$ cat my_file.txt   # compact mmCIF, C-alpha atoms
# COMPACT_ATOMS: atom_id res chain seq x y z
CA MET W 49 -28.23 -3.97 32.92
CA SER W 50 -26.05 -4.63 29.87
CA THR W 51 -27.27 -6.64 26.93
CA ARG W 52 -25.16 -8.76 24.58
CA GLN W 53 -24.88 -7.67 20.97
CA THR W 54 -26.86 -9.86 18.60
CA LEU W 55 -25.43 -11.40 15.45
CA THR W 56 -27.72 -9.37 13.20
CA GLU W 57 -27.44 -6.01 14.92
CA GLY W 58 -26.81 -3.23 12.40
CA LEU W 59 -27.02 -5.52 9.39
CA PRO W 60 -29.41 -4.83 6.49
CA ASN W 61 -32.04 -7.41 5.64
CA GLY W 62 -30.75 -10.06 3.27
CA LYS W 63 -29.55 -13.64 2.96
CA GLY W 64 -26.64 -13.02 5.30
CA GLN W 65 -28.90 -11.73 8.02
CA GLN W 66 -31.26 -14.69 7.57
CA VAL W 67 -28.37 -17.13 8.07
CA LEU W 68 -27.13 -15.30 11.13
CA ARG W 69 -30.64 -15.20 12.56
CA LYS W 70 -30.82 -19.00 12.26
CA LEU W 71 -27.50 -19.31 14.09
CA GLN W 72 -28.84 -17.02 16.77
CA THR W 73 -31.87 -19.28 17.32
CA ARG W 74 -29.36 -22.08 18.02
CA GLU W 75 -27.85 -19.91 20.78
CA VAL W 76 -24.79 -18.87 18.76
CA ASP W 77 -23.86 -15.37 19.89
CA ILE W 78 -21.49 -12.68 18.66
CA ASP W 79 -18.59 -14.01 20.72
CA ASP W 80 -19.00 -17.47 19.19
CA TYR W 81 -19.13 -15.96 15.72
CA CYS W 82 -16.03 -13.82 16.26
CA ALA W 83 -14.14 -16.86 17.58
CA ILE W 84 -14.14 -18.23 14.02
CA GLY W 85 -11.54 -15.60 13.19
CA THR W 86 -9.27 -16.38 16.15
CA ASN W 87 -9.71 -20.10 16.81
CA ASP W 88 -8.08 -22.14 14.04
CA ALA W 89 -9.53 -25.43 15.30
CA LEU W 90 -13.04 -24.00 15.18
CA LEU W 91 -12.42 -22.59 11.70
CA ASP W 92 -11.13 -25.98 10.49
CA ASP W 93 -14.23 -27.72 11.84
CA ILE W 94 -16.55 -25.25 10.13
CA VAL W 95 -14.73 -25.42 6.80
CA ALA W 96 -14.75 -29.24 6.91
CA ALA W 97 -18.49 -29.26 7.55
CA ILE W 98 -19.15 -26.81 4.72
CA LEU W 99 -17.03 -28.79 2.26
CA LYS W 100 -18.74 -32.03 3.26
CA HIS W 101 -22.16 -30.62 2.40
CA ARG W 102 -21.03 -28.66 -0.64
CA LEU W 103 -18.97 -31.35 -2.33
CA PHE W 104 -20.41 -34.73 -1.39
CA ALA W 105 -23.74 -36.48 -1.84
CA THR W 106 -25.38 -38.04 1.20
CA PRO W 107 -25.68 -41.84 1.42
CA GLU W 108 -29.38 -41.62 0.54
CA GLU W 109 -28.62 -39.50 -2.50
CA GLN W 110 -25.99 -42.05 -3.55
CA ILE W 111 -28.43 -44.94 -3.22
CA LYS W 112 -30.91 -43.12 -5.44
CA ARG W 113 -28.21 -42.26 -7.99
CA LEU W 114 -26.80 -45.80 -8.12
CA LEU W 115 -30.27 -47.28 -8.67
CA GLU W 116 -30.92 -44.78 -11.46
CA ILE W 117 -27.55 -45.52 -13.06
CA ASN W 118 -28.22 -49.22 -12.92
CA GLU W 119 -31.67 -48.82 -14.44
CA VAL W 120 -30.35 -46.76 -17.35
CA LEU W 121 -26.89 -48.22 -17.99
CA TRP W 122 -25.94 -51.45 -16.25
CA LYS W 123 -29.24 -53.28 -15.77
CA ASP W 124 -27.58 -55.57 -13.23
CA ILE W 125 -30.10 -57.70 -11.34
CA ALA W 126 -27.77 -57.82 -8.31
CA ILE W 127 -28.20 -54.09 -7.71
CA THR W 128 -31.43 -53.49 -5.84
CA GLU W 129 -32.47 -51.24 -2.99
CA ALA W 130 -32.97 -54.31 -0.82
CA ALA W 131 -29.40 -55.46 -1.50
CA ILE W 132 -28.06 -52.02 -0.65
CA ARG W 133 -30.06 -51.82 2.58
CA ALA W 134 -28.79 -55.28 3.53
CA LEU W 135 -25.26 -53.82 3.69
CA GLY W 136 -26.24 -51.94 6.83
CA ASP W 137 -25.32 -48.39 7.65
CA PRO W 138 -22.48 -46.77 5.70
CA PRO W 139 -19.21 -46.27 7.60
CA GLU W 140 -18.60 -43.15 9.63
CA CYS W 141 -16.76 -40.59 7.54
CA PRO W 142 -13.76 -38.91 9.21
CA PRO W 143 -13.82 -35.10 9.13
CA SER W 144 -11.71 -33.66 6.34
CA ASP W 145 -8.69 -31.59 7.31
CA GLU W 146 -5.42 -30.46 5.77
CA ASN W 147 -4.19 -34.07 5.73
CA GLY W 148 -7.22 -35.74 4.19
CA LEU W 149 -10.28 -35.09 2.03
CA TYR W 150 -12.83 -37.77 2.92
CA CYS W 151 -16.19 -38.93 1.65
CA VAL W 152 -18.34 -42.06 1.81
CA CYS W 153 -18.95 -43.95 -1.45
CA LEU W 154 -21.26 -46.74 -2.58
CA PHE W 155 -19.49 -49.02 -5.08
CA PHE W 156 -20.29 -52.10 -7.13
CA GLU W 157 -17.53 -54.48 -8.23
CA VAL W 158 -18.11 -57.02 -11.00
CA GLY W 159 -15.07 -59.11 -10.08
CA ASP W 160 -12.82 -57.91 -12.90
CA ALA W 161 -10.82 -54.70 -12.51
CA VAL W 162 -10.80 -53.75 -16.19
CA LYS W 163 -14.51 -54.41 -16.70
CA THR W 164 -15.38 -52.52 -13.52
CA PHE W 165 -13.16 -49.60 -14.58
CA GLU W 166 -14.86 -49.37 -17.97
CA ARG W 167 -18.30 -49.78 -16.44
CA ASN W 168 -17.57 -47.02 -13.91
CA TRP W 169 -16.60 -44.60 -16.66
CA GLN W 170 -20.04 -44.93 -18.27
CA PRO W 171 -21.99 -43.25 -15.42
CA CYS W 172 -19.32 -40.56 -15.15
CA VAL W 173 -20.12 -39.67 -18.76
CA GLN W 174 -23.85 -39.97 -18.11
CA VAL W 175 -23.79 -37.67 -15.08
CA HIS W 176 -21.43 -35.03 -16.49
CA GLY W 177 -22.48 -35.38 -20.14
CA GLN W 178 -20.63 -36.19 -23.33
CA ASP W 179 -19.60 -32.55 -23.59
CA GLY W 180 -18.50 -32.49 -19.95
CA THR W 181 -16.14 -35.48 -20.02
CA TRP W 182 -13.05 -36.54 -21.92
CA LYS W 183 -10.98 -39.74 -21.92
CA TRP W 184 -7.47 -39.93 -23.29
CA ASP W 185 -7.34 -42.36 -26.21
CA GLY W 186 -4.26 -43.96 -24.66
CA VAL W 187 -6.39 -45.42 -21.85
CA LEU W 188 -7.89 -48.58 -23.35
CA PHE W 189 -10.34 -50.67 -21.35
CA THR W 190 -8.73 -53.97 -22.35
CA PRO W 191 -6.44 -56.44 -20.52
CA LYS W 192 -3.55 -55.16 -22.63
CA GLY W 193 -4.37 -51.56 -21.80
CA VAL W 194 -5.24 -51.64 -18.07
CA LYS W 195 -4.58 -54.05 -15.24
CA GLN W 196 -4.67 -54.17 -11.48
CA ARG W 197 -1.18 -53.91 -10.07
CA ASP W 198 0.33 -56.85 -8.21
CA GLY W 199 -0.19 -57.02 -4.47
CA VAL W 200 -3.32 -54.88 -4.19
CA MET W 201 -6.09 -55.56 -1.69
CA LEU W 202 -8.63 -57.45 -3.77
CA ARG W 203 -12.19 -56.23 -4.15
CA ARG W 204 -14.96 -58.70 -3.49
CA PRO W 205 -17.66 -58.75 -6.20
CA GLY W 206 -20.87 -56.97 -5.29
CA LEU W 207 -21.98 -53.86 -3.46
CA ARG W 208 -20.01 -52.18 -0.71
CA TRP W 209 -19.72 -48.93 1.20
CA GLN W 210 -16.25 -47.43 1.67
CA VAL W 211 -14.64 -44.24 2.86
CA ALA W 212 -12.56 -42.60 0.14
CA GLU W 213 -9.66 -40.22 0.67
CA LEU W 214 -9.39 -38.03 -2.41
CA GLY W 215 -5.73 -37.18 -2.83
CA ARG W 216 -5.02 -34.72 -0.07
CA GLN W 217 -3.11 -37.21 2.10
CA PHE W 218 -0.53 -37.96 -0.62
CA LYS W 219 -0.67 -34.65 -2.47
CA GLY W 220 2.55 -33.89 -4.32
CA LYS W 221 3.85 -37.48 -4.22
CA SER W 222 4.31 -39.73 -7.23
CA VAL W 223 2.33 -42.95 -7.56
CA SER W 224 5.58 -44.95 -7.40
CA ASN W 225 6.38 -43.26 -4.10
CA VAL W 226 2.90 -43.77 -2.64
CA ARG W 227 2.39 -47.45 -3.48
CA PRO W 228 4.85 -48.82 -0.87
CA GLN W 229 3.32 -46.50 1.77
CA LEU W 230 -0.29 -47.65 1.32
CA LYS W 231 -1.63 -49.42 4.40
CA VAL W 232 -5.18 -49.49 3.00
CA MET W 233 -6.72 -50.13 -0.40
CA GLY W 234 -5.51 -47.73 -3.06
CA MET W 235 -7.91 -45.98 -5.38
CA GLY W 236 -8.37 -48.01 -8.54
CA GLN W 237 -11.24 -48.85 -10.86
CA GLU W 238 -13.56 -46.92 -8.53
CA LEU W 239 -12.17 -43.49 -9.44
CA PRO W 240 -14.53 -42.47 -12.29
CA PHE W 241 -17.52 -43.67 -10.29
CA VAL W 242 -16.60 -41.32 -7.44
CA ALA W 243 -17.08 -38.50 -9.95
CA ALA W 244 -20.52 -39.91 -10.81
CA LEU W 245 -21.58 -40.24 -7.17
CA HIS W 246 -20.17 -36.85 -6.18
CA PRO W 247 -20.42 -34.60 -9.26
CA LYS W 248 -19.95 -31.39 -7.27
CA TRP W 249 -16.61 -32.70 -6.04
CA ALA W 250 -15.53 -33.62 -9.57
CA VAL W 251 -16.13 -30.12 -10.97
CA SER W 252 -14.55 -28.52 -7.89
CA MET W 253 -11.15 -30.20 -8.36
CA ASN W 254 -8.59 -27.42 -8.67
CA GLY W 255 -5.22 -29.01 -7.91
CA ASP W 256 -4.98 -27.02 -4.70
CA GLY W 257 -7.27 -27.70 -1.73
CA ILE W 258 -9.18 -30.20 -3.86
CA PRO W 259 -6.44 -32.16 -5.63
CA TYR W 260 -6.61 -34.05 -8.88
CA VAL W 261 -6.63 -37.75 -8.02
CA ASP W 262 -4.34 -40.61 -9.06
CA ALA W 263 -5.46 -44.26 -8.98
CA PRO W 264 -2.38 -46.13 -7.68
CA ASP W 265 -4.01 -49.58 -7.71
CA LEU W 266 -4.25 -49.64 -11.51
CA GLU W 267 -1.57 -49.79 -14.17
CA VAL W 268 -1.93 -48.47 -17.72
CA ALA W 269 -0.02 -49.47 -20.84
CA PRO W 270 -0.52 -46.39 -23.05
CA SER W 271 -2.40 -47.38 -26.19
CA ALA W 272 -1.91 -51.03 -25.09
CA GLY W 273 1.69 -50.64 -26.16
CA GLY W 274 3.14 -53.36 -23.94
CA GLU W 275 4.77 -51.59 -20.98
CA PHE W 276 2.50 -50.87 -18.00
CA SER W 277 4.32 -47.67 -17.12
CA ASP W 278 1.45 -45.36 -16.21
CA ALA W 279 -1.37 -44.95 -13.70
CA PRO W 280 -4.79 -43.38 -14.35
CA TYR W 281 -5.78 -40.05 -12.92
CA LEU W 282 -8.87 -37.86 -12.91
CA ASP W 283 -8.82 -34.10 -13.12
CA PHE W 284 -11.08 -31.22 -14.07
CA TYR W 285 -10.04 -29.03 -16.97
CA ARG W 286 -11.57 -25.73 -15.96
CA ASP W 287 -11.20 -23.88 -19.27
CA ASP W 288 -13.38 -26.40 -21.12
CA ARG W 289 -15.34 -27.61 -18.05
CA LEU W 290 -14.28 -31.21 -18.63
CA VAL W 291 -13.89 -34.10 -16.19
CA ASP W 292 -10.83 -35.82 -17.67
CA LEU W 293 -9.66 -39.41 -17.37
CA ARG W 294 -6.02 -39.73 -18.37
CA ALA W 295 -2.84 -41.57 -17.39
CA ARG W 296 0.79 -40.62 -16.80
CA ARG W 297 4.02 -42.26 -15.73
CA ILE W 298 4.04 -43.47 -12.14
CA GLU W 299 7.31 -41.62 -11.40
CA TYR W 300 5.78 -38.25 -12.20
CA SER W 301 4.95 -36.00 -9.25
CA SER W 302 3.11 -32.70 -9.09
CA SER W 303 1.81 -30.51 -6.29
CA TYR W 304 -1.56 -30.55 -8.05
CA TYR W 305 -2.09 -34.33 -7.74
CA GLY W 306 -2.36 -36.94 -5.02
CA SER W 307 -3.10 -40.67 -4.89
CA GLY W 308 -6.52 -41.59 -3.60
CA SER W 309 -7.22 -44.43 -1.18
CA LEU W 310 -10.14 -46.46 0.18
CA GLN W 311 -10.85 -47.79 3.64

$ encode --input "my_file.txt" --output "structure tokens"
Amino acid sequence: MSTRQTLTEGLPNGKGQQVLRKLQTREVDIDDYCAIGTNDALLDDIVAAILKHRLFATPEEQIKRLLEINEVLWKDIAITEAAIRALGDPPECPPSDENGLYCVCLFFEVGDAVKTFERNWQPCVQVHGQDGTWKWDGVLFTPKGVKQRDGVMLRRPGLRWQVAELGRQFKGKSVSNVRPQLKVMGMGQELPFVAALHPKWAVSMNGDGIPYVDAPDLEVAPSAGGEFSDAPYLDFYRDDRLVDLRARRIEYSSSYYGSGSLQ
């Protein structure tokens, strides 16, 4: 009577064997494991699941983080656990694939794009540290420095859950090219808060599989100089380990960047 080879057969004791042993207890056998190397759909599913857990905080972790941020920084009486629970369950997050990098986010909108943008930068600095963040001086949190572009889907004041797509869908396209294509809300004043909610994602941005993210729903007049010619973007400068908030002209395109969106 033949027996099937086990996942751990011939392997020395170690972390790898412990992981494989856990898979084996879930009735994953050697044929299933080997299929990862030959079945692209299976590989994509596994990679998406790993990225989801490696990069993004769970809804419960986000609730805890938002309440802590509010207690330390914002002190907004409208942000309570009861108010968050009253929103109901967060939306279902689509699996990430080569055409989209998705996560669920818990946001708070004050009803003014510029004030929300500035307020969202504060927890990004708190989470990543003064030495781990940098903002270009040309991005000024004033009505003459930043505004919401015309025709955007307006944000209602208060708390909300949304699914964010973090640049993979529109990777390599300029903001000016993306704006007419948007069928959902574009990323805007929420962008720095995504980095606060999901710090592992922020420091994993590499311009490749995890793109740097443009915010197409906002316009920037560099140094409040009059012309709203730019859009904000967030990247991670790996040499100095900095989460950067900058802006550049909306016509500029790069394979490292993509516009984010919200749904």

$ closest_residue --input "my_file.txt" --among "W:Arg204, W:Lys163, W:Lys112, W:Lys192" --to "Leu245 of chain W" --atoms "all atoms listed in the file"
W:Lys112

$ closest_residue --input "my_file.txt" --among "W:Phe241, W:Phe284, W:Trp249, W:Phe165" --to "Tyr305 of chain W" --atoms "only C-alpha atoms"
W:Phe284

$ residues_around --input "my_file.txt" --residues "Cys151 of chain W" --least-positions-apart "4" --cutoff "12 Å" --atoms "all atoms listed in the file" --output "PyMOL selection string"
chain W and resi 96-97+99-107+110+138-145+209-215+242-243+245-246+249+308-311

$ closest_residue --input "my_file.txt" --among "W:Val173, W:Val223, W:Leu149, W:Leu202" --to "Pro259 of chain W" --atoms "all atoms listed in the file"
W:Leu149

$ closest_residue --input "my_file.txt" --among "W:Val200, W:Val158, W:Arg216, W:Trp184" --to "Arg296 of chain W" --atoms "only C-alpha atoms"
W:Trp184

$ closest_residue --input "my_file.txt" --among "W:Ala134, W:Leu266, W:Gln72, W:Lys248" --to "Asp198 of chain W" --atoms "all atoms listed in the file"
W:Leu266

$ closest_residue --input "my_file.txt" --among "W:Ser302, W:Asn225, W:Gln217, W:Gln237" --to "Thr164 of chain W" --atoms "all atoms listed in the file"
W:Gln237

$ atom_distance --input "my_file.txt" --atom1 "atom CA of Tyr260 of chain W" --atom2 "atom CA of Asp283 of chain W"
4.8 Å

$ residues_around --input "my_file.txt" --residues "Trp169 of chain W" --least-positions-apart "5" --cutoff "12 Å" --atoms "all atoms listed in the file" --output "VMD selection string"
chain W and resid 117 121 to 122 162 to 164 174 to 178 181 to 183 187 to 189 237 to 245 282 291 to 294

$ decode --input "my_file.txt" --residues "segment 262-281 of chain W" --atoms "N, CA and C atoms" --output "tab-separated table (two decimals), in the first residue's frame"
chain	number	residue	atom	x	y	z
W	262	ASP	N	-0.63	58.94	-5.98
W	262	ASP	CA	-1.11	60.30	-6.25
W	262	ASP	C	-2.50	60.49	-5.66
W	263	ALA	N	-2.83	61.75	-5.35
W	263	ALA	CA	-4.16	62.11	-4.86
W	263	ALA	C	-4.85	63.00	-5.89
W	264	PRO	N	-5.56	62.41	-6.86
W	264	PRO	CA	-6.09	63.20	-7.98
W	264	PRO	C	-7.24	64.13	-7.62
W	265	ASP	N	-7.85	63.95	-6.45
W	265	ASP	CA	-8.98	64.81	-6.09
W	265	ASP	C	-8.56	66.13	-5.44
W	266	LEU	N	-7.26	66.32	-5.25
W	266	LEU	CA	-6.77	67.58	-4.70
W	266	LEU	C	-5.88	68.29	-5.71
W	267	GLU	N	-5.87	69.62	-5.61
W	267	GLU	CA	-4.99	70.45	-6.42
W	267	GLU	C	-4.08	71.26	-5.50
W	268	VAL	N	-2.84	71.44	-5.92
W	268	VAL	CA	-1.85	72.17	-5.13
W	268	VAL	C	-1.30	73.32	-5.96
W	269	ALA	N	-1.27	74.50	-5.34
W	269	ALA	CA	-0.55	75.64	-5.90
W	269	ALA	C	0.77	75.72	-5.15
W	270	PRO	N	1.88	75.32	-5.79
W	270	PRO	CA	3.15	75.26	-5.05
W	270	PRO	C	3.48	76.58	-4.35
W	271	SER	N	3.75	76.46	-3.06
W	271	SER	CA	4.06	77.62	-2.22
W	271	SER	C	2.97	78.69	-2.29
W	272	ALA	N	1.72	78.24	-2.55
W	272	ALA	CA	0.57	79.16	-2.66
W	272	ALA	C	0.85	80.25	-3.68
W	273	GLY	N	1.48	79.83	-4.79
W	273	GLY	CA	1.91	80.80	-5.78
W	273	GLY	C	0.87	81.22	-6.80
W	274	GLY	N	-0.36	80.76	-6.67
W	274	GLY	CA	-1.42	81.23	-7.56
W	274	GLY	C	-1.99	80.16	-8.47
W	275	GLU	N	-1.14	79.45	-9.22
W	275	GLU	CA	-1.62	78.45	-10.18
W	275	GLU	C	-1.71	77.08	-9.51
W	276	PHE	N	-2.91	76.49	-9.55
W	276	PHE	CA	-3.09	75.15	-9.00
W	276	PHE	C	-2.73	74.13	-10.07
W	277	SER	N	-1.43	73.91	-10.21
W	277	SER	CA	-0.89	73.11	-11.31
W	277	SER	C	-0.50	71.70	-10.90
W	278	ASP	N	-0.48	71.43	-9.60
W	278	ASP	CA	0.07	70.18	-9.10
W	278	ASP	C	-0.98	69.35	-8.38
W	279	ALA	N	-0.61	68.12	-8.08
W	279	ALA	CA	-1.42	67.24	-7.23
W	279	ALA	C	-0.50	66.61	-6.19
W	280	PRO	N	-1.01	66.36	-4.98
W	280	PRO	CA	-0.16	65.74	-3.95
W	280	PRO	C	0.13	64.28	-4.27
W	281	TYR	N	1.22	63.81	-3.72
W	281	TYR	CA	1.50	62.38	-3.77
W	281	TYR	C	2.26	61.97	-2.51
